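Contents: one structure, followed by commentary.
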Amino acid sequence: MFRFRLLHLLAIIMPAGVAVAAYIQPFVKPRLLFLDPLVAAVETESCCQTYLGIVSTLGIILWVATASVCLFAAYLMFMQKAPRAFVEFALLAGLLSTWLAFDDVFLVHDNLAPKLGVPQNLVLFSIALAAILYCLRCWRVIVRSDAVMFGLATGCLGMSVLIDVFHFSTDHWPFLVDSGRTFIEDGFKFIGLFCWSVFHVMAVARLCDSNITAPDFTDLSLIGSDQSSTLTTNVNGAKRFEGQSVLLLGNYRPTLFIARQLKHQGARVISGLEGCDLGAEYSRYVDETWDHCPVEQDPKAFIRALEQYVRSRKDISIILPVSEEFCRAIANHKPDLPDTIIVAMNDAELVKTCLDKTRMLDLCSAIGVPVAPYVLVDNADDLQRAETDIGFPMVARPSISASRINREKAVRIKNSTDLSQLHANWNENWGGLIVQKQVSGLRNNIFFAARNGEVCRLLQTKILRTDRFDGSGLAVEGMTVEPDARLVRYTEALAKKLDYSGIGCAQFLVDDVTGEVCFLENNPRFSGSHVISEYCGLDLIGFQIALAQCTLEQQESRQQGVVGVRYGWMSGDLNGLRHAVRGGKIDATGAVNWFFKALRNGFTSDVDMVLRWDDPLPGLVSMFETLPYALRLTRRKSWKPGT
């Protein structure tokens, strides 16, 4: 501890000594040593001397040195597959230091920007905003490195900016002569810059150390690193899928992360283009795409096309259905596929049972898992029966998971007017509706893996916000929490009853006030938020493939994912905002509030479902799609027979 206190003291004394020496020396006007060399050259009568702006030049050297060290460290850690949090810290610190060096060298906020019509304070505000966003994104690494040194750096730099912005003059501060004001402003800046450089150089040096899981960073190295995945290599250190091709079915949010994991294991990744999301075709982890007929329009035609495709591609050894429509199609037509191809998904009968929502609600009621009162409505005329049996308020959702009610996963029915509107807009493609009593609370997901009815991997997440104003829809913000014993017990009861083997995501509503629990559904597949389970070390991808290959260990101890991790989906968040504004569901104040929540979550969450610094294009395209009319610009043309 004493060593760190001495370091803090030296980080102040050394630059302060340089600044004081420059101020008290008797040979030249002190102001000329602190100003930028060009500005000092204009002021002096004897242009030009090498000592002009020497303190400023030393500061620029520190900026450039810090930027160079951080950017090079980011590259090294990226190549070594270090935890993402470490690489982000070094990269963002390097970019911010580069920006500040550029500002100092070319006098951007002092001279260049005002001449171009950009106010000086606007440039300073943009720098301050960038610094704040950097702190919000990297605060965990900053705190675990040397928070005191970082505080000294930002405090001194901030004081320098305040003096510069408010232009303290000798009229208000008579003890400040012209050189005195320059000395205080640039003295604070030089001390802050020295501390900034020392902090970042020492921090990235620790992060680049071969012992990347040192005690100071243990909790960070557990999450988001390829080294934490049991999928990366086999016992001999060889990549598990070297020379093999894996076909992913479903252009779906989890496809991007699954492709990344498989690619790191040496697999050649092929992704189908059809799906509810966009991104696989732009990912650098996807080697090839397969354009096929829409599975929902004609499942049998899709299965025939799949059978022909895998027979023509001898290198494909594994098919991994990602989204629900492909799981459903393969579950109904699996015998039509070649026996030589491994399909890594749950048993066909188990998939069909879990996707039959009415059957699952009946099963839960039978084994004591709480469900809200419900009725199955087969046609529009039966809606009146729902009002009689359930009563307002109610929630209606399609009995087929992939279906939507006017593009919504569920709609709330508050009164007879809402019921009449639903009656008038009835669509036979819904396949019937499950109408339940409305229950309040936040959605909680239990990601799990089970074998022969025994749950062996588990992670609970709480969904804090969705892409719909009323709380229905898809998760855009959530966090992992300590497993609720009741939800674990209900999930284990379901797994035992179904003799469950495979992965799943059991969803419950939990009222934090009353403690009431209500079962919603169980997805026997990779869920939309699947990235969080992999990020937290649950490795459901490896489990599902090993189960299909019959290489899973006979007895596996219970594994639990990391708690306290926040995740988000910024493009989905902004798309939900656009939907709410266009539908007139929120006012201007609500829209601004939503936007800043999305922005805050984007910069503070540990992982985004789509946006990735090492695979940026899918995220950028998904963000672009949130803009008006962008869909027609980025989405490829729909498949047509014969194309």
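Chain identifiers are assigned as A, B, and so on, following the order in which chains appear in the structure tokens; residues are numbered from 1 within each chain, and ligands are numbered from 1 in order of appearance.
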Practice task
Would you mind listing what lies within 12 Å of Met570 (chain A) as a ChimeraX atom specification, with only C-alpha atoms counted and same-chain residues fewer than 3 positions away left out?
Solution key: /A:465-467,474-478,567,573-577,594-605,607-612,619-620,622-626
List as CSV every residue of region 458-573 of chain A that is in contact with region 580-584 of chain A, defined as an atom at most 10 Å from one of its atoms (using only C-alpha atoms), together with the nearest atom pair and the distance in Å rounded to one decimal, sorted by chain and then rising number.
residue,atom,partner,partner_atom,distance
A:Asp467,CA,A:Ala580,CA,8.8
A:Arg468,CA,A:Ala580,CA,7.2
A:Phe469,CA,A:Ala580,CA,6.8
A:Asp470,CA,A:Ala580,CA,10.0
Handout entry: Nearest to Glu274 (chain A) by atom-to-atom distance, counting only C-alpha atoms, from A:Trp290, A:Phe241, A:Trp569, A:Trp430
Key = A:Trp290
Test item: residues at most 12 Å from Trp139 (chain A), only C-alpha atoms, excluding those fewer than 6 positions along its chain, as an mmCIF file with all heavy atoms, in the first residue's frame:
data_model
loop_
_atom_site.group_PDB
_atom_site.id
_atom_site.type_symbol
_atom_site.label_atom_id
_atom_site.label_comp_id
_atom_site.auth_asym_id
_atom_site.auth_seq_id
_atom_site.Cartn_x
_atom_site.Cartn_y
_atom_site.Cartn_z
ATOM 1 N N ALA A 85 -13.392 -6.752 -21.964
ATOM 2 C CA ALA A 85 -13.333 -5.552 -21.128
ATOM 3 C C ALA A 85 -11.934 -4.944 -21.128
ATOM 4 O O ALA A 85 -11.773 -3.721 -21.123
ATOM 5 C CB ALA A 85 -13.763 -5.883 -19.693
ATOM 6 N N PHE A 86 -10.904 -5.790 -21.166
ATOM 7 C CA PHE A 86 -9.531 -5.298 -21.174
ATOM 8 C C PHE A 86 -9.206 -4.604 -22.491
ATOM 9 O O PHE A 86 -8.593 -3.536 -22.525
ATOM 10 C CB PHE A 86 -8.555 -6.451 -20.956
ATOM 11 C CG PHE A 86 -8.683 -7.134 -19.615
ATOM 12 C CD1 PHE A 86 -7.980 -8.291 -19.343
ATOM 13 C CD2 PHE A 86 -9.521 -6.629 -18.623
ATOM 14 C CE1 PHE A 86 -8.083 -8.928 -18.117
ATOM 15 C CE2 PHE A 86 -9.635 -7.251 -17.396
ATOM 16 C CZ PHE A 86 -8.918 -8.407 -17.141
ATOM 17 N N GLU A 88 -11.284 -3.321 -24.682
ATOM 18 C CA GLU A 88 -12.062 -2.087 -24.803
ATOM 19 C C GLU A 88 -11.414 -0.950 -24.019
ATOM 20 O O GLU A 88 -11.335 0.182 -24.500
ATOM 21 C CB GLU A 88 -13.490 -2.310 -24.299
ATOM 22 C CG GLU A 88 -14.392 -2.975 -25.304
ATOM 23 C CD GLU A 88 -15.831 -3.014 -24.821
ATOM 24 O OE1 GLU A 88 -16.068 -2.660 -23.645
ATOM 25 O OE2 GLU A 88 -16.707 -3.384 -25.610
ATOM 26 N N PHE A 89 -10.951 -1.252 -22.819
ATOM 27 C CA PHE A 89 -10.315 -0.236 -21.990
ATOM 28 C C PHE A 89 -9.097 0.357 -22.696
ATOM 29 O O PHE A 89 -8.950 1.579 -22.808
ATOM 30 C CB PHE A 89 -9.901 -0.854 -20.647
ATOM 31 C CG PHE A 89 -8.966 -0.005 -19.839
ATOM 32 C CD1 PHE A 89 -9.424 1.131 -19.193
ATOM 33 C CD2 PHE A 89 -7.621 -0.333 -19.738
ATOM 34 C CE1 PHE A 89 -8.563 1.923 -18.452
ATOM 35 C CE2 PHE A 89 -6.746 0.444 -18.999
ATOM 36 C CZ PHE A 89 -7.220 1.580 -18.354
ATOM 37 N N LEU A 92 -10.232 2.303 -26.071
ATOM 38 C CA LEU A 92 -10.897 3.583 -25.845
ATOM 39 C C LEU A 92 -9.945 4.614 -25.228
ATOM 40 O O LEU A 92 -9.982 5.797 -25.581
ATOM 41 C CB LEU A 92 -12.120 3.380 -24.951
ATOM 42 C CG LEU A 92 -13.253 2.537 -25.570
ATOM 43 C CD1 LEU A 92 -14.385 2.358 -24.569
ATOM 44 C CD2 LEU A 92 -13.773 3.166 -26.846
ATOM 45 N N ALA A 93 -9.087 4.169 -24.315
ATOM 46 C CA ALA A 93 -8.099 5.084 -23.729
ATOM 47 C C ALA A 93 -7.143 5.600 -24.805
ATOM 48 O O ALA A 93 -6.792 6.784 -24.830
ATOM 49 C CB ALA A 93 -7.315 4.384 -22.625
ATOM 50 N N ALA A 131 -15.031 11.685 -22.693
ATOM 51 C CA ALA A 131 -14.363 11.210 -21.476
ATOM 52 C C ALA A 131 -15.356 10.551 -20.524
ATOM 53 O O ALA A 131 -15.057 9.518 -19.914
ATOM 54 C CB ALA A 131 -13.653 12.370 -20.788
ATOM 55 N N ILE A 132 -16.548 11.145 -20.408
ATOM 56 C CA ILE A 132 -17.583 10.573 -19.526
ATOM 57 C C ILE A 132 -18.024 9.208 -20.038
ATOM 58 O O ILE A 132 -18.172 8.247 -19.271
ATOM 59 C CB ILE A 132 -18.774 11.543 -19.414
ATOM 60 C CG1 ILE A 132 -18.378 12.800 -18.625
ATOM 61 C CG2 ILE A 132 -19.960 10.863 -18.739
ATOM 62 C CD1 ILE A 132 -19.416 13.898 -18.652
ATOM 63 N N LEU A 133 -18.240 9.107 -21.341
ATOM 64 C CA LEU A 133 -18.657 7.829 -21.925
ATOM 65 C C LEU A 133 -17.567 6.770 -21.746
ATOM 66 O O LEU A 133 -17.863 5.593 -21.488
ATOM 67 C CB LEU A 133 -18.983 8.013 -23.402
ATOM 68 C CG LEU A 133 -20.190 8.906 -23.712
ATOM 69 C CD1 LEU A 133 -20.389 9.056 -25.210
ATOM 70 C CD2 LEU A 133 -21.460 8.357 -23.065
ATOM 71 N N SER A 145 -7.780 -0.879 -11.329
ATOM 72 C CA SER A 145 -6.387 -0.564 -11.676
ATOM 73 C C SER A 145 -5.787 0.350 -10.611
ATOM 74 O O SER A 145 -4.988 -0.084 -9.792
ATOM 75 C CB SER A 145 -6.327 0.084 -13.061
ATOM 76 O OG SER A 145 -6.787 -0.808 -14.057
ATOM 77 N N ASP A 146 -6.167 1.619 -10.622
ATOM 78 C CA ASP A 146 -5.682 2.572 -9.618
ATOM 79 C C ASP A 146 -6.610 3.777 -9.646
ATOM 80 O O ASP A 146 -6.337 4.772 -10.317
ATOM 81 C CB ASP A 146 -4.245 2.983 -9.922
ATOM 82 C CG ASP A 146 -3.621 3.790 -8.780
ATOM 83 O OD1 ASP A 146 -4.386 4.228 -7.896
ATOM 84 O OD2 ASP A 146 -2.399 3.973 -8.785
ATOM 85 N N ALA A 147 -7.704 3.675 -8.935
ATOM 86 C CA ALA A 147 -8.728 4.713 -8.966
ATOM 87 C C ALA A 147 -8.197 6.052 -8.465
ATOM 88 O O ALA A 147 -8.613 7.112 -8.943
ATOM 89 C CB ALA A 147 -9.944 4.284 -8.135
ATOM 90 N N PHE A 150 -6.213 7.717 -11.257
ATOM 91 C CA PHE A 150 -7.151 8.183 -12.276
ATOM 92 C C PHE A 150 -7.902 9.423 -11.788
ATOM 93 O O PHE A 150 -8.154 10.356 -12.557
ATOM 94 C CB PHE A 150 -8.142 7.075 -12.626
ATOM 95 C CG PHE A 150 -9.033 7.415 -13.789
ATOM 96 C CD1 PHE A 150 -8.576 7.305 -15.094
ATOM 97 C CD2 PHE A 150 -10.341 7.853 -13.582
ATOM 98 C CE1 PHE A 150 -9.396 7.618 -16.174
ATOM 99 C CE2 PHE A 150 -11.163 8.169 -14.642
ATOM 100 C CZ PHE A 150 -10.694 8.049 -15.949
ATOM 101 N N GLY A 151 -8.257 9.435 -10.510
ATOM 102 C CA GLY A 151 -8.927 10.604 -9.947
ATOM 103 C C GLY A 151 -8.039 11.834 -9.967
ATOM 104 O O GLY A 151 -8.507 12.948 -10.245
ATOM 105 N N LEU A 220 -13.546 -9.973 -13.734
ATOM 106 C CA LEU A 220 -13.679 -9.542 -15.122
ATOM 107 C C LEU A 220 -13.262 -10.654 -16.070
ATOM 108 O O LEU A 220 -13.853 -10.834 -17.121
ATOM 109 C CB LEU A 220 -12.831 -8.300 -15.378
ATOM 110 C CG LEU A 220 -13.373 -7.005 -14.791
ATOM 111 C CD1 LEU A 220 -12.350 -5.896 -15.005
ATOM 112 C CD2 LEU A 220 -14.694 -6.620 -15.420
ATOM 113 N N PHE A 603 -24.013 2.041 -23.199
ATOM 114 C CA PHE A 603 -22.649 2.326 -22.761
ATOM 115 C C PHE A 603 -22.302 1.673 -21.420
ATOM 116 O O PHE A 603 -21.122 1.572 -21.080
ATOM 117 C CB PHE A 603 -22.421 3.833 -22.671
ATOM 118 C CG PHE A 603 -22.192 4.478 -24.005
ATOM 119 C CD1 PHE A 603 -23.213 5.138 -24.658
ATOM 120 C CD2 PHE A 603 -20.958 4.405 -24.619
ATOM 121 C CE1 PHE A 603 -23.014 5.732 -25.884
ATOM 122 C CE2 PHE A 603 -20.735 4.993 -25.854
ATOM 123 C CZ PHE A 603 -21.769 5.659 -26.494
ATOM 124 N N THR A 604 -23.287 1.247 -20.662
ATOM 125 C CA THR A 604 -22.994 0.678 -19.344
ATOM 126 C C THR A 604 -23.177 -0.831 -19.280
ATOM 127 O O THR A 604 -22.692 -1.462 -18.344
ATOM 128 C CB THR A 604 -23.883 1.321 -18.262
ATOM 129 O OG1 THR A 604 -25.277 1.109 -18.582
ATOM 130 C CG2 THR A 604 -23.623 2.816 -18.161
ATOM 131 N N SER A 605 -23.864 -1.424 -20.248
ATOM 132 C CA SER A 605 -24.070 -2.868 -20.209
ATOM 133 C C SER A 605 -22.758 -3.586 -20.506
ATOM 134 O O SER A 605 -21.882 -3.074 -21.206
ATOM 135 C CB SER A 605 -25.144 -3.289 -21.220
ATOM 136 O OG SER A 605 -24.763 -2.931 -22.525
ATOM 137 N N ASP A 606 -22.627 -4.798 -19.976
ATOM 138 C CA ASP A 606 -21.407 -5.576 -20.177
ATOM 139 C C ASP A 606 -21.356 -6.218 -21.555
ATOM 140 O O ASP A 606 -20.270 -6.468 -22.085
ATOM 141 C CB ASP A 606 -21.299 -6.665 -19.103
ATOM 142 C CG ASP A 606 -21.174 -6.078 -17.715
ATOM 143 O OD1 ASP A 606 -20.140 -5.452 -17.432
ATOM 144 O OD2 ASP A 606 -22.113 -6.221 -16.911
#
Please identify all polymer residues within 8 Å of region 243-253 of chain A, counting only C-alpha atoms, omitting same-chain residues fewer than 5 positions from it, and present them as a JSON list (two decimals) with N, CA and C atoms, in the first residue's frame.
[["chain", "number", "residue", "atom", "x", "y", "z"],
["A", 259, "ALA", "N", -21.90, -18.25, -34.00],
["A", 259, "ALA", "CA", -20.92, -18.32, -35.08],
["A", 259, "ALA", "C", -19.53, -17.99, -34.56],
["A", 266, "GLY", "N", -12.38, -23.55, -34.72],
["A", 266, "GLY", "CA", -11.87, -24.06, -35.99],
["A", 266, "GLY", "C", -12.92, -24.46, -36.99],
["A", 267, "ALA", "N", -14.19, -24.27, -36.68],
["A", 267, "ALA", "CA", -15.25, -24.68, -37.61],
["A", 267, "ALA", "C", -15.39, -23.68, -38.76],
["A", 268, "ARG", "N", -15.82, -24.19, -39.90],
["A", 268, "ARG", "CA", -16.25, -23.33, -41.00],
["A", 268, "ARG", "C", -17.74, -23.10, -40.79],
["A", 269, "VAL", "N", -18.13, -21.87, -40.62],
["A", 269, "VAL", "CA", -19.52, -21.55, -40.24],
["A", 269, "VAL", "C", -20.31, -21.14, -41.48],
["A", 270, "ILE", "N", -21.43, -21.84, -41.67],
["A", 270, "ILE", "CA", -22.37, -21.52, -42.74],
["A", 270, "ILE", "C", -23.68, -21.13, -42.08],
["A", 271, "SER", "N", -24.26, -20.04, -42.51],
["A", 271, "SER", "CA", -25.51, -19.57, -41.91],
["A", 271, "SER", "C", -26.59, -19.41, -42.97],
["A", 272, "GLY", "N", -27.79, -19.87, -42.64],
["A", 272, "GLY", "CA", -28.94, -19.58, -43.49],
["A", 272, "GLY", "C", -29.30, -18.11, -43.40],
["A", 273, "LEU", "N", -29.90, -17.60, -44.45],
["A", 273, "LEU", "CA", -30.21, -16.17, -44.50],
["A", 273, "LEU", "C", -31.60, -15.84, -43.98],
["A", 274, "GLU", "N", -32.50, -16.81, -43.98],
["A", 274, "GLU", "CA", -33.86, -16.53, -43.53],
["A", 274, "GLU", "C", -33.92, -16.47, -42.01],
["A", 275, "GLY", "N", -34.67, -15.52, -41.50],
["A", 275, "GLY", "CA", -34.83, -15.40, -40.05],
["A", 275, "GLY", "C", -35.44, -14.07, -39.68],
["A", 276, "CYS", "N", -35.70, -13.89, -38.41],
["A", 276, "CYS", "CA", -36.39, -12.69, -37.95],
["A", 276, "CYS", "C", -35.45, -11.52, -37.73],
["A", 277, "ASP", "N", -34.14, -11.74, -37.84],
["A", 277, "ASP", "CA", -33.18, -10.66, -37.63],
["A", 277, "ASP", "C", -32.26, -10.56, -38.84],
["A", 278, "LEU", "N", -31.40, -9.58, -38.79],
["A", 278, "LEU", "CA", -30.43, -9.32, -39.84],
["A", 278, "LEU", "C", -29.05, -9.32, -39.23],
["A", 279, "GLY", "N", -28.06, -9.86, -39.93],
["A", 279, "GLY", "CA", -26.72, -9.75, -39.38],
["A", 279, "GLY", "C", -25.75, -10.82, -39.79],
["A", 280, "ALA", "N", -26.21, -12.08, -39.92],
["A", 280, "ALA", "CA", -25.27, -13.17, -40.19],
["A", 280, "ALA", "C", -24.51, -12.95, -41.49],
["A", 315, "ASP", "N", -18.83, -31.69, -46.43],
["A", 315, "ASP", "CA", -18.07, -31.14, -45.31],
["A", 315, "ASP", "C", -18.95, -30.79, -44.13],
["A", 316, "ILE", "N", -20.27, -30.66, -44.34],
["A", 316, "ILE", "CA", -21.17, -30.29, -43.24],
["A", 316, "ILE", "C", -21.41, -31.50, -42.35],
["A", 317, "SER", "N", -20.99, -31.39, -41.11],
["A", 317, "SER", "CA", -21.14, -32.51, -40.17],
["A", 317, "SER", "C", -22.18, -32.24, -39.10],
["A", 318, "ILE", "N", -22.52, -30.95, -38.89],
["A", 318, "ILE", "CA", -23.47, -30.60, -37.82],
["A", 318, "ILE", "C", -24.45, -29.57, -38.34],
["A", 319, "ILE", "N", -25.73, -29.77, -38.05],
["A", 319, "ILE", "CA", -26.76, -28.76, -38.28],
["A", 319, "ILE", "C", -27.22, -28.26, -36.92],
["A", 320, "LEU", "N", -27.19, -26.94, -36.75],
["A", 320, "LEU", "CA", -27.57, -26.34, -35.48],
["A", 320, "LEU", "C", -28.75, -25.40, -35.70],
["A", 321, "PRO", "N", -29.99, -25.86, -35.48],
["A", 321, "PRO", "CA", -31.15, -24.96, -35.60],
["A", 321, "PRO", "C", -31.11, -23.93, -34.47],
["A", 322, "VAL", "N", -31.22, -22.66, -34.82],
["A", 322, "VAL", "CA", -31.11, -21.59, -33.83],
["A", 322, "VAL", "C", -32.48, -21.04, -33.45],
["A", 323, "SER", "N", -33.29, -20.67, -34.43],
["A", 323, "SER", "CA", -34.58, -20.05, -34.12],
["A", 323, "SER", "C", -35.72, -21.07, -34.16],
["A", 326, "PHE", "N", -37.24, -23.13, -37.32],
["A", 326, "PHE", "CA", -36.43, -24.22, -37.85],
["A", 326, "PHE", "C", -36.46, -25.42, -36.90],
["A", 528, "GLY", "N", -33.64, -15.51, -27.69],
["A", 528, "GLY", "CA", -33.12, -14.28, -28.26],
["A", 528, "GLY", "C", -32.01, -13.65, -27.44],
["A", 529, "SER", "N", -32.05, -13.86, -26.11],
["A", 529, "SER", "CA", -31.03, -13.30, -25.21],
["A", 529, "SER", "C", -29.95, -14.33, -24.88],
["A", 609, "MET", "N", -26.45, -7.73, -27.41],
["A", 609, "MET", "CA", -26.84, -8.93, -28.15],
["A", 609, "MET", "C", -26.33, -8.93, -29.59],
["A", 610, "VAL", "N", -26.08, -7.76, -30.15],
["A", 610, "VAL", "CA", -25.66, -7.67, -31.55],
["A", 610, "VAL", "C", -24.37, -6.89, -31.71]]
Practice task
May I ask for the distance between CA of Glu185 (chain A) and CA of Cys138 (chain A), given in Å to one decimal place?
Solution key: 27.7 Å
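Between CA of Phe194 (chain A) and CA of Ser160 (chain A) the interatomic distance comes to 13.4 Å.
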Exercise for the section: Using only C-alpha atoms, determine which residues lie at most 7 Å from Asp499 (chain A), disregarding the query and same-chain residues fewer than 3 positions distant; provide the list as a PyMOL selection string. Expected result: chain A and resi 452-453+495-496
Practice task
Determine which residues of region 209-417 of chain A DSSP labels as strand (DSSP E) from the backbone of this structure, then write them out as a PyMOL selection string.
Solution key: chain A and resi 245-249+268-272+288-290+316-321+342-343+374-377+394-398+411-413
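The residue set within 7 Å of Val351 (chain A), counting only C-alpha atoms and dropping same-chain residues fewer than 4 places from it, reads Ala331, Asn346, Asp347, Leu355 and Pro524 of chain A.
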Handout entry: Near-Leu306 (chain A) list (10 Å; only C-alpha atoms; drop same-chain fewer than 3 positions) as a list in words
Key = Leu249, Trp290, His292, Cys293, Lys300, Ala301, Phe302, Ile303, Tyr309, Val310, Arg311, Ser312, Ile319, Ile330, Asp336, Leu337 and Pro338 of chain A
Exercise for the section: Quick one: pick out all alpha helix (DSSP H) residues within region 268-324 of chain A from a backbone DSSP run and write them as a PyMOL selection string. Expected result: chain A and resi 299-312+324
Pull the closest atom pair for each residue of region 327-369 of chain A that gets at most 9 Å from region 537-550 of chain A, along with the distance in Å to one decimal, counting only C-alpha atoms, ordering rows by chain and then ascending residue number, as CSV.
residue,atom,partner,partner_atom,distance
A:Ile342,CA,A:Ala548,CA,6.7
A:Val343,CA,A:Ala548,CA,6.9
A:Ala344,CA,A:Ala548,CA,5.2
A:Met345,CA,A:Gln544,CA,6.6
A:Asn346,CA,A:Gln544,CA,7.9
Practice task
Find, counting only C-alpha atoms, the residue in A:Cys505, A:Ala101, A:Ala82, A:Met394 that gets nearest to Asn444 (chain A).
Solution key: A:Cys505
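Each of A:Arg304, A:His423, A:Lys462, A:Lys239 was checked against Pro335 (chain A) using only C-alpha atoms; the smallest atom-to-atom distance is that of A:Arg304.
Atom pair CA of Ala153 (chain A) / CA of Pro83 (chain A): separated by 25.5 Å.
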